[in-house]
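What follows is a single structure, written as structure tokens, with notes after it.
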Amino acid sequence: MKKVIVVNGSPRRNGKTHRMADSVVADIQTVLSEVEVKWYDLYEFRYSGCRSCFACKAKDDLSAVLDQIADADCLIVASPVYLMDVSGQTRSFAERLCFSLGSYEKGYRSLAKKNMPVVTVYTMNALPEMASYRAFDNIEYFLGHIFSLPRRLCALNIYQFQDYTKYVVETFSELEKAYWRDVHFKDDLQAAFDAGKDIARQLHEG
């Protein structure tokens with residue numbers, strides 16, 4: 001039985017970040033008959049990021065999640081992009097995860113039990129030329145050091161509000177946002193499905 005852990009760093013449980021991650025999971029489950037999926041919504045937990053206390057095993061709401069990841073076969077980390085970076089909950093999660101599984105021995109070796117596949121999912125309001133790829137590179141560098149280089153999935157220029165008339169949004173055109181969503185988001189979901197299929201094959205072969 002393979003274990004897949006999904007960490008959702010979005011406050012919207014059924015938003016586009018959730019849907020992208022769920023598409024990865026759906027195809028993993030389609031290909032693999034025996035797979036256990038555990039889903040964690042970070043906004044439901046009470047925890048902090050790194051406190052520079054060097055006590056990475058201190059118990060709080062996140063401790064059980066980190067224990068589950070240590071024994072997993074695949075990790076999916078999904079986050080919306082706020083202020084050109086992942087959400088605060090996602091960033092704090094990454095700090096806790098990577099510090100607890102990173103050694104200060106020579107070479108900063110990984111303490112992870114296996115080099116499991118990792119998928120990162122980002123949803124953002126920005127167009128491709130404005131996307132915060134440097135922030136993604138940064139978090140993926142550390143996840144890659146601990147486990148393996150993540151496979152990145154992005155949904156760009158997302159439709160943000162259910163009703164644009166309730167907000168002062170002069171910078172964006174609702175019609176252009178709706179057009180982009182209708183044309184491109186299905187392709188983003190398909191890319192997530194395809195990633196899930198590839199990950200499933202990797203897990204099966206492993």
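Ligands are numbered from 1 in the order shown, residues from 1 within each chain, and chains are lettered A, B, ... in the order they appear in the structure tokens.
All residues in segment 81-191 of chain A with a DSSP state of strand (DSSP E), computed from the backbone, read Val81, Tyr82, Asp85, Val86, Val118, Val119, Thr120, Val121, Tyr122, Thr123, Arg151, Arg152, Leu153, Cys154 and Ala155 of chain A.
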Could you build a table of the residues in segment 135-172 of chain A lying no more than 9 Å from segment 178-201 of chain A, giving for each the nearest pair of atoms and their separation in Å rounded to one decimal place, using only C-alpha atoms, ordered by chain and ascending residue number, as a Markdown table?
| residue | atom | partner | partner_atom | distance |
| --- | --- | --- | --- | --- |
| A:Arg151 | CA | A:Ala195 | CA | 7.8 |
| A:Leu153 | CA | A:Ala192 | CA | 6.8 |
| A:Cys154 | CA | A:Asp188 | CA | 7.0 |
| A:Ala155 | CA | A:Asp188 | CA | 5.8 |
| A:Leu156 | CA | A:Phe185 | CA | 8.2 |
| A:Asn157 | CA | A:Trp180 | CA | 7.1 |
| A:Ile158 | CA | A:Arg181 | CA | 6.3 |
| A:Tyr159 | CA | A:Ala178 | CA | 6.3 |
Any chance you could export the current selection's C-alpha atoms as an mmCIF file, in the first residue's frame?
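So out-v8.cif came out as:
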data_model
loop_
_atom_site.group_PDB
_atom_site.id
_atom_site.type_symbol
_atom_site.label_atom_id
_atom_site.label_comp_id
_atom_site.auth_asym_id
_atom_site.auth_seq_id
_atom_site.Cartn_x
_atom_site.Cartn_y
_atom_site.Cartn_z
ATOM 1 C CA ARG A 151 7.509 18.415 -10.243
ATOM 2 C CA LEU A 153 2.412 22.669 -11.599
ATOM 3 C CA CYS A 154 1.091 26.217 -11.998
ATOM 4 C CA ALA A 155 -2.334 27.698 -12.618
ATOM 5 C CA LEU A 156 -1.857 31.311 -13.711
ATOM 6 C CA ASN A 157 -4.056 34.389 -13.985
ATOM 7 C CA ILE A 158 -6.789 32.789 -11.923
ATOM 8 C CA TYR A 159 -10.311 34.128 -11.554
#
What lies within 10 Å of Lys38 of chain A using only C-alpha atoms, ignoring chain neighbours under 2 positions off, as a list in words?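 Close residues of Lys38 of chain A: Lys3, Val4, Ile5, Val6, Val7, Val35, Glu36, Tyr40, Val65, Gln68, Ile69, Ala72 and Leu75 of chain A.
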Next, write the just-selected residues to a file, as a PDB file, in the first residue's frame, keeping C-alpha atoms as the atom set.
ATOM      1  CA  LYS A   3       0.874   6.414   0.990  1.00  0.00           C
ATOM      2  CA  VAL A   4       0.350   9.832  -0.607  1.00  0.00           C
ATOM      3  CA  ILE A   5       0.291  12.963   1.559  1.00  0.00           C
ATOM      4  CA  VAL A   6      -1.380  16.138   0.293  1.00  0.00           C
ATOM      5  CA  VAL A   7      -0.645  19.398   2.117  1.00  0.00           C
ATOM      6  CA  VAL A  35      -3.010   3.711  -2.430  1.00  0.00           C
ATOM      7  CA  GLU A  36      -3.782   5.577   0.788  1.00  0.00           C
ATOM      8  CA  TYR A  40      -4.145  18.023   5.351  1.00  0.00           C
ATOM      9  CA  VAL A  65       1.492  15.738   9.862  1.00  0.00           C
ATOM     10  CA  GLN A  68       2.961  11.052   8.447  1.00  0.00           C
ATOM     11  CA  ILE A  69       5.177  12.639   5.790  1.00  0.00           C
ATOM     12  CA  ALA A  72       4.953   8.561   3.025  1.00  0.00           C
ATOM     13  CA  LEU A  75       4.254  14.355  -1.080  1.00  0.00           C
TER      14      LEU A  75
END
Would you give me, as an NGL selection string, the residues in segment 10-111 of chain A that DSSP reads as alpha helix (DSSP H)? :A and (16-31 or 63-70 or 88-100)
Kindly give the distance, in Å, that separates atom CA of His18 of chain A and atom CA of Asp71 of chain A, rounded to a single decimal.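 It comes out at 22.9 Å.
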Given only C-alpha atoms as the counted atoms, nearest of A:Ala70, A:Ser48, A:Ala78, A:Tyr164 to Ser23 of chain A: A:Ala78
Neighbour list for segment 108-111 of chain A as a compact mmCIF listing (two decimals) with N, CA and C atoms, in the first residue's frame, cut-off 7 Å, only C-alpha atoms, skip fewer than 4 positions in-chain:
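Once everything was written out, this is around_35.txt:
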# COMPACT_ATOMS: atom_id res chain seq x y z
N LEU A 101 14.15 17.66 8.91
CA LEU A 101 14.73 16.56 8.14
C LEU A 101 16.06 16.93 7.49
N GLY A 102 16.62 18.05 7.90
CA GLY A 102 17.93 18.46 7.39
C GLY A 102 18.98 18.39 8.48
N SER A 103 20.12 17.85 8.15
CA SER A 103 21.20 17.68 9.12
C SER A 103 22.22 18.82 9.00
N TYR A 104 22.85 19.18 10.12
CA TYR A 104 23.95 20.14 10.11
C TYR A 104 25.30 19.43 9.99
N HIS A 145 16.30 18.91 -1.81
CA HIS A 145 17.43 18.42 -1.02
C HIS A 145 16.98 17.34 -0.04
N ILE A 146 15.81 17.52 0.55
CA ILE A 146 15.30 16.56 1.53
C ILE A 146 14.79 15.29 0.85
